[in-house]
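Here the structure is laid out as structure tokens; the discussion comes afterwards.
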Amino acid sequence: MADLVDLRSDTVTRPTVGMREAMAAAEVGDDVYGEDPTVNALEAEVAALFGHEAALFAPSGSMANQIALQLLVRPGEELLCDADAHVVTYEIGAAAAYGGISSRTWPAVGADIDPEVVARMIRPDGYFAVPTRAIAVEQTHNRAGGGVIPLATLRELREVADEAGVALHCDGARIWHAHVADGVPLTEYGRLFDTLSVCLSKGLGAPVGSLVVGSADRIERARTIRKRMGGGMRQAGILAAAGRYALAHHVDRLAEDHARAARLAEAVAPFGVLATTVRTNLVPLDLTKHALDARALAAAAREEGVLISALGPRTARLVTHLGLDDDGVDHAATALTKVLSA
Ligand SMILES: Cc1ncc(COP(=O)(O)O)c(C=O)c1O
């Protein structure tokens, strides 16, 4: 794959030389005993970034989300989220399978959430109703093409949650991208959510790792849930060092990924391919009006040395990331132009 321009996902990055050096030099201990200094430092650092009391390192974004949901919603209780949310689309039913959580969704609207719609969905306690305990949102929204939920919407959702006495969770796998795109401080996002899950292995380029962020009390319970799910790690400081390096070196540069995504969106626009809402590093391609379907486009792009994802019959996606430079974008733009105009 070395010569291919890989636009399938921002998870395809490889650790940089500096990151590998940081990993090799990491001080480690047994993290199940709470004795890995690098993990402890990462957890403290991420908690502080979001202005929360504590954070817990987890092996994946999915596990971090599921730990958070189990903290907020007990078996037989309800979670509300977008129909296209990662937690109900790509986590293989984990909320139900592991947490006994009942999920109900509002129609897929990506980042354009109407807090009043959400408010009307909330069900109170009652002996025959499923009580709503939490609302989850995704910042940025993966299936909605990296859309950024505006701060004003999040503030309204916080009010809705407070009024109803339910919790608010953020699947913040790419919250760094929202922070860079909208300039909203991470502490401001932190203030609005009871729990967040944040990923180091998407745009930030670490090989592994996510964190659950929340109050000290919740994170203490999260440690038990993580262990129960098989997520207790031993000398995980090697991985945490990559995450610390990523936080120090790879957040501000996300603006470059956003600019490259905008360039790709511009390149495909003349061919009737809708990529109009690009705000961050994801470029959704709506091929409804194009002769090629998503699979055919992906196959043709591959012939030209460009890998893209076919997400549905007429939906494809391009993703920019740390492993992509301007030459790669030029190559991809030329290749996609050729393929789409054929
Ligand atoms: C929005 C979002 N949340 C959670 C995840 C899950 O992360 P992981 O693949 O590390 O489980 C992803 C993965 O792409 C994602 O896009």
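Each chain of the structure tokens is named A, B, ... in the order shown, its residues numbered from 1; ligands are numbered from 1 in display order.
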>> Hey, which residues sit close to ligand 1? Say within 8 Å, counting only C-alpha atoms and all ligand atoms, and write them as JSON, numbers by chain.
In response: {"A": [9, 11, 59, 60, 61, 62, 63, 64, 65, 85, 86, 87, 90, 91, 138, 139, 140, 141, 142, 143, 171, 172, 173, 174, 199, 201, 202, 208, 209, 210]}
Could you turn the residues from that selection into a file that holds N, CA, C and O atoms, as a tab-separated table (two decimals), in the first residue's frame?
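For reference, result_15.tsv as written:
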chain	number	residue	atom	x	y	z
A	9	SER	N	-9.63	6.35	5.74
A	9	SER	CA	-9.92	6.72	7.14
A	9	SER	C	-8.72	7.43	7.75
A	9	SER	O	-7.58	7.27	7.26
A	11	THR	N	-7.68	6.55	10.51
A	11	THR	CA	-7.10	5.52	11.40
A	11	THR	C	-5.96	4.78	10.72
A	11	THR	O	-5.37	3.89	11.32
A	59	PRO	N	-8.53	0.94	25.48
A	59	PRO	CA	-7.90	0.50	24.23
A	59	PRO	C	-8.55	1.03	22.96
A	59	PRO	O	-7.89	1.07	21.92
A	60	SER	N	-9.82	1.39	23.00
A	60	SER	CA	-10.46	1.83	21.75
A	60	SER	C	-11.56	2.85	22.03
A	60	SER	O	-12.04	2.97	23.17
A	61	GLY	N	-11.96	3.54	20.98
A	61	GLY	CA	-13.05	4.50	21.10
A	61	GLY	C	-14.36	3.80	21.43
A	61	GLY	O	-15.17	4.31	22.20
A	62	SER	N	-14.55	2.63	20.84
A	62	SER	CA	-15.79	1.90	21.11
A	62	SER	C	-15.86	1.53	22.59
A	62	SER	O	-16.92	1.68	23.22
A	63	MET	N	-14.75	1.04	23.15
A	63	MET	CA	-14.80	0.67	24.56
A	63	MET	C	-15.00	1.91	25.44
A	63	MET	O	-15.76	1.88	26.42
A	64	ALA	N	-14.35	3.00	25.08
A	64	ALA	CA	-14.51	4.24	25.87
A	64	ALA	C	-15.97	4.69	25.85
A	64	ALA	O	-16.54	5.07	26.89
A	65	ASN	N	-16.60	4.64	24.66
A	65	ASN	CA	-18.03	5.00	24.59
A	65	ASN	C	-18.86	4.07	25.46
A	65	ASN	O	-19.73	4.52	26.21
A	85	ALA	N	-25.59	7.65	14.75
A	85	ALA	CA	-24.50	7.76	15.73
A	85	ALA	C	-23.64	6.50	15.71
A	85	ALA	O	-24.14	5.39	15.55
A	86	HIS	N	-22.34	6.69	15.91
A	86	HIS	CA	-21.42	5.54	15.95
A	86	HIS	C	-21.85	4.53	17.01
A	86	HIS	O	-21.80	3.33	16.79
A	87	VAL	N	-22.33	5.02	18.16
A	87	VAL	CA	-22.67	4.11	19.26
A	87	VAL	C	-23.80	3.14	18.92
A	87	VAL	O	-23.90	2.07	19.53
A	90	TYR	N	-22.02	1.40	14.63
A	90	TYR	CA	-20.78	0.68	14.39
A	90	TYR	C	-20.21	0.01	15.65
A	90	TYR	O	-19.02	-0.30	15.68
A	91	GLU	N	-21.01	-0.13	16.69
A	91	GLU	CA	-20.44	-0.76	17.89
A	91	GLU	C	-21.11	-2.11	18.16
A	91	GLU	O	-21.10	-2.62	19.28
A	138	GLU	N	-22.41	13.21	18.92
A	138	GLU	CA	-21.11	12.86	18.33
A	138	GLU	C	-20.46	14.12	17.76
A	138	GLU	O	-21.04	14.79	16.91
A	139	GLN	N	-19.28	14.44	18.26
A	139	GLN	CA	-18.59	15.67	17.84
A	139	GLN	C	-17.17	15.33	17.44
A	139	GLN	O	-16.38	14.95	18.30
A	140	THR	N	-16.75	15.42	16.19
A	140	THR	CA	-17.56	15.70	15.03
A	140	THR	C	-18.34	14.43	14.65
A	140	THR	O	-18.04	13.35	15.13
A	141	HIS	N	-19.32	14.60	13.75
A	141	HIS	CA	-20.18	13.47	13.42
A	141	HIS	C	-19.60	12.69	12.24
A	141	HIS	O	-19.44	13.24	11.15
A	142	ASN	N	-19.28	11.43	12.49
A	142	ASN	CA	-18.62	10.61	11.47
A	142	ASN	C	-19.49	10.42	10.23
A	142	ASN	O	-19.16	10.88	9.14
A	143	ARG	N	-20.64	9.75	10.39
A	143	ARG	CA	-21.46	9.44	9.21
A	143	ARG	C	-22.05	10.69	8.56
A	143	ARG	O	-22.44	10.66	7.40
A	171	ASP	N	-19.59	11.51	22.27
A	171	ASP	CA	-18.63	10.67	21.56
A	171	ASP	C	-17.71	11.64	20.83
A	171	ASP	O	-18.01	12.12	19.73
A	172	GLY	N	-16.60	11.94	21.48
A	172	GLY	CA	-15.68	12.95	20.95
A	172	GLY	C	-14.47	12.34	20.30
A	172	GLY	O	-13.36	12.83	20.47
A	173	ALA	N	-14.70	11.28	19.53
A	173	ALA	CA	-13.57	10.64	18.85
A	173	ALA	C	-12.76	11.69	18.07
A	173	ALA	O	-11.54	11.65	18.04
A	174	ARG	N	-13.49	12.65	17.46
A	174	ARG	CA	-12.81	13.71	16.70
A	174	ARG	C	-13.17	15.08	17.27
A	174	ARG	O	-13.36	16.05	16.52
A	199	CYS	N	-10.59	10.21	21.28
A	199	CYS	CA	-9.68	9.24	20.65
A	199	CYS	C	-8.34	9.85	20.30
A	199	CYS	O	-8.27	10.96	19.78
A	201	SER	N	-6.30	7.91	18.38
A	201	SER	CA	-5.87	7.10	17.22
A	201	SER	C	-6.63	7.44	15.95
A	201	SER	O	-6.57	6.70	14.98
A	202	LYS	N	-7.37	8.54	15.94
A	202	LYS	CA	-8.01	8.97	14.70
A	202	LYS	C	-7.10	10.06	14.11
A	202	LYS	O	-5.98	9.78	13.78
A	208	VAL	N	-2.96	3.53	19.07
A	208	VAL	CA	-4.01	2.92	19.90
A	208	VAL	C	-4.42	3.94	20.96
A	208	VAL	O	-3.57	4.68	21.44
A	209	GLY	N	-5.69	3.92	21.36
A	209	GLY	CA	-6.01	4.60	22.60
A	209	GLY	C	-7.09	5.66	22.55
A	209	GLY	O	-7.16	6.47	21.63
A	210	SER	N	-7.95	5.59	23.56
A	210	SER	CA	-9.01	6.57	23.78
A	210	SER	C	-9.11	6.80	25.27
A	210	SER	O	-8.56	6.01	26.06
>> as a PyMOL selection string, please: the residues near Leu254 of chain A (cut-off 9 Å, only C-alpha atoms, same-chain neighbours under 5 positions excluded).
In response: chain A and resi 176-177+180-181+203-204+259+280-281+321-322
Could you write out the selected residues, including N, CA and C atoms, as a PDB file, in the first residue's frame?
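Written output follows (result-v9.pdb):
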ATOM      1  N   TRP A 176     -11.253  16.969  18.723  1.00  0.00           N
ATOM      2  CA  TRP A 176     -10.111  17.849  18.423  1.00  0.00           C
ATOM      3  C   TRP A 176     -10.364  18.621  17.135  1.00  0.00           C
ATOM      4  N   HIS A 177     -11.005  17.949  16.168  1.00  0.00           N
ATOM      5  CA  HIS A 177     -11.287  18.597  14.883  1.00  0.00           C
ATOM      6  C   HIS A 177     -12.316  19.715  15.070  1.00  0.00           C
ATOM      7  N   VAL A 180     -10.577  22.679  16.629  1.00  0.00           N
ATOM      8  CA  VAL A 180      -9.758  23.432  15.671  1.00  0.00           C
ATOM      9  C   VAL A 180     -10.652  24.168  14.660  1.00  0.00           C
ATOM     10  N   ALA A 181     -11.732  23.525  14.223  1.00  0.00           N
ATOM     11  CA  ALA A 181     -12.588  24.148  13.196  1.00  0.00           C
ATOM     12  C   ALA A 181     -13.368  25.336  13.752  1.00  0.00           C
ATOM     13  N   GLY A 203      -7.572  11.283  14.056  1.00  0.00           N
ATOM     14  CA  GLY A 203      -6.754  12.335  13.457  1.00  0.00           C
ATOM     15  C   GLY A 203      -5.439  12.583  14.165  1.00  0.00           C
ATOM     16  N   LEU A 204      -5.325  12.230  15.431  1.00  0.00           N
ATOM     17  CA  LEU A 204      -4.106  12.582  16.164  1.00  0.00           C
ATOM     18  C   LEU A 204      -2.938  11.633  15.881  1.00  0.00           C
ATOM     19  N   ALA A 259      -7.978  21.867   5.563  1.00  0.00           N
ATOM     20  CA  ALA A 259      -7.753  22.589   4.300  1.00  0.00           C
ATOM     21  C   ALA A 259      -7.632  21.585   3.146  1.00  0.00           C
ATOM     22  N   THR A 280     -14.463  19.687   8.306  1.00  0.00           N
ATOM     23  CA  THR A 280     -13.272  19.164   8.989  1.00  0.00           C
ATOM     24  C   THR A 280     -12.499  18.235   8.047  1.00  0.00           C
ATOM     25  N   ASN A 281     -12.171  17.024   8.478  1.00  0.00           N
ATOM     26  CA  ASN A 281     -11.296  16.184   7.649  1.00  0.00           C
ATOM     27  C   ASN A 281     -12.041  15.076   6.903  1.00  0.00           C
ATOM     28  N   HIS A 321      -5.658  13.121   6.675  1.00  0.00           N
ATOM     29  CA  HIS A 321      -5.028  12.730   7.943  1.00  0.00           C
ATOM     30  C   HIS A 321      -3.528  13.026   7.928  1.00  0.00           C
ATOM     31  N   LEU A 322      -2.930  12.726   9.044  1.00  0.00           N
ATOM     32  CA  LEU A 322      -1.503  12.953   9.281  1.00  0.00           C
ATOM     33  C   LEU A 322      -0.578  12.332   8.236  1.00  0.00           C
TER      34      LEU A 322
END
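Between atom CA of Gly237 of chain A and atom CA of Asn40 of chain A the interatomic distance comes to 8.5 Å.
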> Using only C-alpha atoms, which residues sit within 10 Å of Leu292 of chain A once same-chain residues fewer than 5 positions away are excluded, as a VMD selection string?
Replying inline: chain A and resid 287 297 to 298 300 313 to 314 339 to 340 342
Please report, as a tab-separated table (two decimals) with N, CA and C atoms, in the first residue's frame, each residue of segment 1-189 of chain A to which DSSP assigns alpha helix (DSSP H) when run on this structure's backbone.
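Saved file part_19.tsv follows:
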chain	number	residue	atom	x	y	z
A	17	VAL	N	8.28	9.31	13.48
A	17	VAL	CA	9.57	8.99	14.11
A	17	VAL	C	9.58	9.54	15.54
A	18	GLY	N	9.15	10.78	15.70
A	18	GLY	CA	9.14	11.39	17.04
A	18	GLY	C	8.24	10.62	17.99
A	19	MET	N	7.11	10.16	17.48
A	19	MET	CA	6.18	9.40	18.33
A	19	MET	C	6.80	8.06	18.74
A	20	ARG	N	7.45	7.42	17.79
A	20	ARG	CA	8.09	6.13	18.12
A	20	ARG	C	9.20	6.33	19.16
A	21	GLU	N	9.93	7.45	19.05
A	21	GLU	CA	10.99	7.71	20.04
A	21	GLU	C	10.38	7.90	21.42
A	22	ALA	N	9.27	8.64	21.46
A	22	ALA	CA	8.59	8.87	22.75
A	22	ALA	C	8.09	7.54	23.32
A	23	MET	N	7.60	6.67	22.46
A	23	MET	CA	7.11	5.35	22.92
A	23	MET	C	8.27	4.52	23.47
A	24	ALA	N	9.38	4.54	22.75
A	24	ALA	CA	10.53	3.73	23.18
A	24	ALA	C	11.08	4.20	24.52
A	37	PRO	N	3.37	5.23	35.25
A	37	PRO	CA	3.44	6.70	35.37
A	37	PRO	C	3.04	7.43	34.10
A	38	THR	N	3.29	6.81	32.95
A	38	THR	CA	2.97	7.51	31.69
A	38	THR	C	1.46	7.50	31.45
A	39	VAL	N	0.81	6.38	31.79
A	39	VAL	CA	-0.66	6.34	31.68
A	39	VAL	C	-1.26	7.34	32.66
A	40	ASN	N	-0.74	7.34	33.88
A	40	ASN	CA	-1.28	8.28	34.88
A	40	ASN	C	-1.13	9.73	34.42
A	41	ALA	N	0.03	10.01	33.81
A	41	ALA	CA	0.26	11.39	33.34
A	41	ALA	C	-0.71	11.73	32.21
A	42	LEU	N	-0.91	10.78	31.28
A	42	LEU	CA	-1.85	11.02	30.16
A	42	LEU	C	-3.26	11.26	30.70
A	43	GLU	N	-3.67	10.44	31.64
A	43	GLU	CA	-5.03	10.57	32.18
A	43	GLU	C	-5.21	11.94	32.86
A	44	ALA	N	-4.20	12.35	33.62
A	44	ALA	CA	-4.30	13.64	34.30
A	44	ALA	C	-4.33	14.78	33.28
A	45	GLU	N	-3.51	14.64	32.25
A	45	GLU	CA	-3.41	15.67	31.21
A	45	GLU	C	-4.75	15.83	30.46
A	46	VAL	N	-5.34	14.71	30.09
A	46	VAL	CA	-6.59	14.78	29.31
A	46	VAL	C	-7.74	15.29	30.19
A	47	ALA	N	-7.78	14.85	31.44
A	47	ALA	CA	-8.80	15.37	32.35
A	47	ALA	C	-8.68	16.90	32.43
A	48	ALA	N	-7.46	17.39	32.59
A	48	ALA	CA	-7.25	18.84	32.71
A	48	ALA	C	-7.63	19.56	31.42
A	49	LEU	N	-7.31	18.96	30.28
A	49	LEU	CA	-7.65	19.60	29.00
A	49	LEU	C	-9.14	19.90	28.90
A	61	GLY	N	-11.96	3.54	20.98
A	61	GLY	CA	-13.05	4.50	21.10
A	61	GLY	C	-14.36	3.80	21.43
A	62	SER	N	-14.55	2.63	20.84
A	62	SER	CA	-15.79	1.90	21.11
A	62	SER	C	-15.86	1.53	22.59
A	63	MET	N	-14.75	1.04	23.15
A	63	MET	CA	-14.80	0.67	24.56
A	63	MET	C	-15.00	1.91	25.44
A	64	ALA	N	-14.35	3.00	25.08
A	64	ALA	CA	-14.51	4.24	25.87
A	64	ALA	C	-15.97	4.69	25.85
A	65	ASN	N	-16.60	4.64	24.66
A	65	ASN	CA	-18.03	5.00	24.59
A	65	ASN	C	-18.86	4.07	25.46
A	66	GLN	N	-18.62	2.78	25.34
A	66	GLN	CA	-19.47	1.82	26.04
A	66	GLN	C	-19.27	1.88	27.56
A	67	ILE	N	-18.06	2.16	27.99
A	67	ILE	CA	-17.84	2.36	29.43
A	67	ILE	C	-18.66	3.56	29.90
A	68	ALA	N	-18.58	4.65	29.14
A	68	ALA	CA	-19.32	5.87	29.53
A	68	ALA	C	-20.82	5.60	29.57
A	69	LEU	N	-21.32	4.89	28.56
A	69	LEU	CA	-22.78	4.64	28.54
A	69	LEU	C	-23.19	3.79	29.73
A	70	GLN	N	-22.37	2.81	30.09
A	70	GLN	CA	-22.71	1.97	31.25
A	70	GLN	C	-22.64	2.78	32.55
A	71	LEU	N	-21.82	3.83	32.55
A	71	LEU	CA	-21.78	4.70	33.74
A	71	LEU	C	-23.09	5.46	33.90
A	72	LEU	N	-23.70	5.81	32.77
A	72	LEU	CA	-24.83	6.74	32.81
A	72	LEU	C	-26.19	6.06	32.76
A	86	HIS	N	-22.34	6.69	15.91
A	86	HIS	CA	-21.42	5.54	15.95
A	86	HIS	C	-21.85	4.53	17.01
A	87	VAL	N	-22.33	5.02	18.16
A	87	VAL	CA	-22.67	4.11	19.26
A	87	VAL	C	-23.80	3.14	18.92
A	88	VAL	N	-24.65	3.50	17.95
A	88	VAL	CA	-25.72	2.56	17.57
A	88	VAL	C	-25.54	2.02	16.15
A	89	THR	N	-24.49	2.45	15.48
A	89	THR	CA	-24.30	2.01	14.08
A	89	THR	C	-23.12	1.07	13.93
A	94	ALA	N	-23.24	-3.16	21.20
A	94	ALA	CA	-22.58	-3.31	22.50
A	94	ALA	C	-23.40	-2.74	23.66
A	95	ALA	N	-24.09	-1.62	23.42
A	95	ALA	CA	-24.84	-1.01	24.53
A	95	ALA	C	-25.89	-1.99	25.06
A	96	ALA	N	-26.55	-2.69	24.13
A	96	ALA	CA	-27.54	-3.69	24.54
A	96	ALA	C	-26.86	-4.96	25.06
A	97	ALA	N	-25.84	-5.41	24.33
A	97	ALA	CA	-25.21	-6.69	24.66
A	97	ALA	C	-24.48	-6.64	26.01
A	98	TYR	N	-23.76	-5.56	26.28
A	98	TYR	CA	-22.97	-5.49	27.52
A	98	TYR	C	-23.65	-4.69	28.62
A	99	GLY	N	-24.40	-3.65	28.21
A	99	GLY	CA	-24.96	-2.76	29.23
A	99	GLY	C	-26.45	-2.96	29.48
A	115	PRO	N	-32.70	20.68	19.55
A	115	PRO	CA	-32.84	20.29	20.96
A	115	PRO	C	-34.29	20.07	21.39
A	116	GLU	N	-35.22	20.78	20.73
A	116	GLU	CA	-36.64	20.59	21.11
A	116	GLU	C	-37.13	19.19	20.74
A	117	VAL	N	-36.66	18.69	19.60
A	117	VAL	CA	-37.02	17.32	19.19
A	117	VAL	C	-36.50	16.34	20.24
A	118	VAL	N	-35.28	16.55	20.67
A	118	VAL	CA	-34.68	15.66	21.67
A	118	VAL	C	-35.47	15.76	22.98
A	119	ALA	N	-35.80	17.00	23.37
A	119	ALA	CA	-36.53	17.20	24.63
A	119	ALA	C	-37.85	16.43	24.63
A	120	ARG	N	-38.53	16.45	23.47
A	120	ARG	CA	-39.83	15.78	23.39
A	120	ARG	C	-39.70	14.25	23.48
A	121	MET	N	-38.52	13.73	23.19
A	121	MET	CA	-38.34	12.26	23.22
A	121	MET	C	-38.11	11.71	24.63
A	151	LEU	N	-21.80	25.29	19.10
A	151	LEU	CA	-21.76	25.44	20.56
A	151	LEU	C	-23.14	25.81	21.12
A	152	ALA	N	-23.86	26.67	20.39
A	152	ALA	CA	-25.19	27.10	20.87
A	152	ALA	C	-26.13	25.90	21.00
A	153	THR	N	-26.06	24.97	20.05
A	153	THR	CA	-26.91	23.77	20.12
A	153	THR	C	-26.54	22.93	21.33
A	154	LEU	N	-25.25	22.79	21.56
A	154	LEU	CA	-24.80	21.98	22.71
A	154	LEU	C	-25.27	22.62	24.01
A	155	ARG	N	-25.22	23.95	24.06
A	155	ARG	CA	-25.68	24.63	25.30
A	155	ARG	C	-27.17	24.38	25.52
A	156	GLU	N	-27.94	24.42	24.42
A	156	GLU	CA	-29.38	24.14	24.56
A	156	GLU	C	-29.62	22.70	25.00
A	157	LEU	N	-28.84	21.79	24.44
A	157	LEU	CA	-28.99	20.38	24.84
A	157	LEU	C	-28.66	20.19	26.33
A	158	ARG	N	-27.66	20.94	26.78
A	158	ARG	CA	-27.31	20.86	28.21
A	158	ARG	C	-28.50	21.30	29.06
A	159	GLU	N	-29.16	22.37	28.61
A	159	GLU	CA	-30.35	22.84	29.35
A	159	GLU	C	-31.45	21.79	29.35
A	160	VAL	N	-31.65	21.17	28.17
A	160	VAL	CA	-32.66	20.12	28.05
A	160	VAL	C	-32.34	18.98	29.03
A	161	ALA	N	-31.08	18.59	29.05
A	161	ALA	CA	-30.66	17.48	29.92
A	161	ALA	C	-30.86	17.85	31.38
A	162	ASP	N	-30.46	19.07	31.75
A	162	ASP	CA	-30.58	19.50	33.15
A	162	ASP	C	-32.04	19.54	33.59
A	163	GLU	N	-32.86	20.08	32.71
A	163	GLU	CA	-34.28	20.19	33.05
A	163	GLU	C	-34.91	18.82	33.29
A	164	ALA	N	-34.47	17.84	32.47
A	164	ALA	CA	-35.07	16.50	32.59
A	164	ALA	C	-34.32	15.63	33.59
A	175	ILE	N	-13.24	15.18	18.58
A	175	ILE	CA	-13.58	16.48	19.17
A	175	ILE	C	-12.46	17.50	18.92
A	176	TRP	N	-11.25	16.97	18.72
A	176	TRP	CA	-10.11	17.85	18.42
A	176	TRP	C	-10.36	18.62	17.14
A	177	HIS	N	-11.01	17.95	16.17
A	177	HIS	CA	-11.29	18.60	14.88
A	177	HIS	C	-12.32	19.72	15.07
A	178	ALA	N	-13.31	19.47	15.93
A	178	ALA	CA	-14.32	20.51	16.20
A	178	ALA	C	-13.66	21.70	16.88
A	179	HIS	N	-12.79	21.42	17.83
A	179	HIS	CA	-12.05	22.46	18.56
A	179	HIS	C	-11.25	23.33	17.59
A	180	VAL	N	-10.58	22.68	16.63
A	180	VAL	CA	-9.76	23.43	15.67
A	180	VAL	C	-10.65	24.17	14.66
A	181	ALA	N	-11.73	23.52	14.22
A	181	ALA	CA	-12.59	24.15	13.20
A	181	ALA	C	-13.37	25.34	13.75
A	182	ASP	N	-13.90	25.21	14.96
A	182	ASP	CA	-14.77	26.26	15.51
A	182	ASP	C	-14.07	27.14	16.55
A	186	LEU	N	-11.43	23.35	24.52
A	186	LEU	CA	-11.79	22.00	24.98
A	186	LEU	C	-12.46	22.04	26.35
A	187	THR	N	-12.04	23.00	27.18
A	187	THR	CA	-12.67	23.11	28.50
A	187	THR	C	-14.14	23.46	28.39
A	188	GLU	N	-14.48	24.24	27.35
A	188	GLU	CA	-15.89	24.61	27.13
A	188	GLU	C	-16.69	23.36	26.76
A	189	TYR	N	-16.13	22.53	25.87
A	189	TYR	CA	-16.81	21.27	25.57
A	189	TYR	C	-16.91	20.42	26.85
>> Can you pull out every residue from segment 142-314 of chain A that DSSP, working from the backbone, puts in strand (DSSP E or B), and format the result as a count of residues only?
In response: 29
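Closest approach to Gln235 of chain A among A:Gly34, A:Leu7, A:Asp217, A:Asp112: A:Gly34, based on only C-alpha atoms.
Counting only C-alpha atoms, the residue from A:Asp30, A:Glu77, A:Asp114, A:Asp326 that sits nearest to Val130 of chain A is A:Glu77.
Residue nearest Val268 of chain A within the list A:Ala294, A:Gly323, A:Val184, A:Thr334: A:Thr334 [criterion: smallest interatomic distance, only C-alpha atoms].
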>> At a cut-off of 7 Å, using only C-alpha atoms, what residues contact Leu80 of chain A? Leave out same-chain residues fewer than 5 positions from it and give the result as a ChimeraX atom specification.
In response: /A:103-105,134-136
Output file for the residues above (N, CA, C and O atoms, as a PDB file, in the first residue's frame):
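Result saved to again30.pdb:
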ATOM      1  N   SER A 103     -31.739   1.614  23.377  1.00  0.00           N
ATOM      2  CA  SER A 103     -31.394   2.844  22.657  1.00  0.00           C
ATOM      3  C   SER A 103     -32.549   3.275  21.781  1.00  0.00           C
ATOM      4  O   SER A 103     -33.172   2.444  21.122  1.00  0.00           O
ATOM      5  N   ARG A 104     -32.851   4.577  21.785  1.00  0.00           N
ATOM      6  CA  ARG A 104     -33.878   5.117  20.892  1.00  0.00           C
ATOM      7  C   ARG A 104     -33.246   6.298  20.172  1.00  0.00           C
ATOM      8  O   ARG A 104     -32.480   7.059  20.765  1.00  0.00           O
ATOM      9  N   THR A 105     -33.561   6.408  18.876  1.00  0.00           N
ATOM     10  CA  THR A 105     -32.832   7.395  18.078  1.00  0.00           C
ATOM     11  C   THR A 105     -33.756   8.457  17.501  1.00  0.00           C
ATOM     12  O   THR A 105     -34.912   8.191  17.204  1.00  0.00           O
ATOM     13  N   ALA A 134     -29.875   9.119  29.522  1.00  0.00           N
ATOM     14  CA  ALA A 134     -28.772   9.872  28.912  1.00  0.00           C
ATOM     15  C   ALA A 134     -29.058  10.189  27.451  1.00  0.00           C
ATOM     16  O   ALA A 134     -29.807   9.490  26.777  1.00  0.00           O
ATOM     17  N   ILE A 135     -28.413  11.277  27.009  1.00  0.00           N
ATOM     18  CA  ILE A 135     -28.433  11.688  25.604  1.00  0.00           C
ATOM     19  C   ILE A 135     -26.975  11.638  25.142  1.00  0.00           C
ATOM     20  O   ILE A 135     -26.090  12.108  25.854  1.00  0.00           O
ATOM     21  N   ALA A 136     -26.746  11.051  23.964  1.00  0.00           N
ATOM     22  CA  ALA A 136     -25.370  11.041  23.434  1.00  0.00           C
ATOM     23  C   ALA A 136     -25.333  11.797  22.113  1.00  0.00           C
ATOM     24  O   ALA A 136     -26.220  11.640  21.274  1.00  0.00           O
TER      25      ALA A 136
END
> If you count only C-alpha atoms, which residues fall within 12 Å of Leu264 of chain A, apart from same-chain ones fewer than 3 positions away, as number ranges by chain?
Replying inline: A: 7, 257-261, 267-270, 273-276, 278, 280-285, 317-320, 326, 328-337
Save out the residues we just selected, C-alpha atoms, as a compact mmCIF listing (two decimals), in the first residue's frame.
# COMPACT_ATOMS: atom_id res chain seq x y z
CA LEU A 7 -8.13 8.28 1.96
CA ASP A 257 -6.15 18.25 7.24
CA HIS A 258 -9.24 20.44 7.09
CA ALA A 259 -7.75 22.59 4.30
CA ARG A 260 -6.80 19.47 2.32
CA ALA A 261 -10.30 18.05 2.75
CA ALA A 267 -12.06 18.93 -6.91
CA VAL A 268 -15.11 16.63 -6.98
CA ALA A 269 -17.76 19.38 -6.95
CA PRO A 270 -17.86 19.97 -10.75
CA VAL A 273 -20.77 14.91 -6.50
CA LEU A 274 -22.09 16.63 -3.44
CA ALA A 275 -19.43 17.39 -0.86
CA THR A 276 -20.79 20.75 0.15
CA VAL A 278 -17.13 19.83 4.51
CA THR A 280 -13.27 19.16 8.99
CA ASN A 281 -11.30 16.18 7.65
CA LEU A 282 -14.14 14.00 6.33
CA VAL A 283 -15.45 14.45 2.78
CA PRO A 284 -18.71 12.58 2.17
CA LEU A 285 -19.51 11.93 -1.49
CA ARG A 317 -16.01 9.01 1.75
CA LEU A 318 -12.60 10.61 1.58
CA VAL A 319 -10.65 11.30 4.77
CA THR A 320 -7.56 13.45 5.21
CA ASP A 326 -0.08 18.15 -0.45
CA GLY A 328 -0.97 13.12 -2.04
CA VAL A 329 -3.92 15.51 -2.27
CA ASP A 330 -2.80 16.67 -5.74
CA HIS A 331 -2.55 13.08 -6.89
CA ALA A 332 -5.96 12.20 -5.40
CA ALA A 333 -7.63 15.30 -6.87
CA THR A 334 -6.27 14.52 -10.35
CA ALA A 335 -7.20 10.83 -10.09
CA LEU A 336 -10.75 11.53 -8.84
CA THR A 337 -11.26 14.17 -11.53
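The coordinates place atom CA of Val73 of chain A at 18.2 Å from atom CA of Lys227 of chain A.
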> A:Ala240, A:Val12, A:Ala111, A:Leu4: which is nearest Arg279 of chain A, counting only C-alpha atoms?
Replying inline: A:Ala111
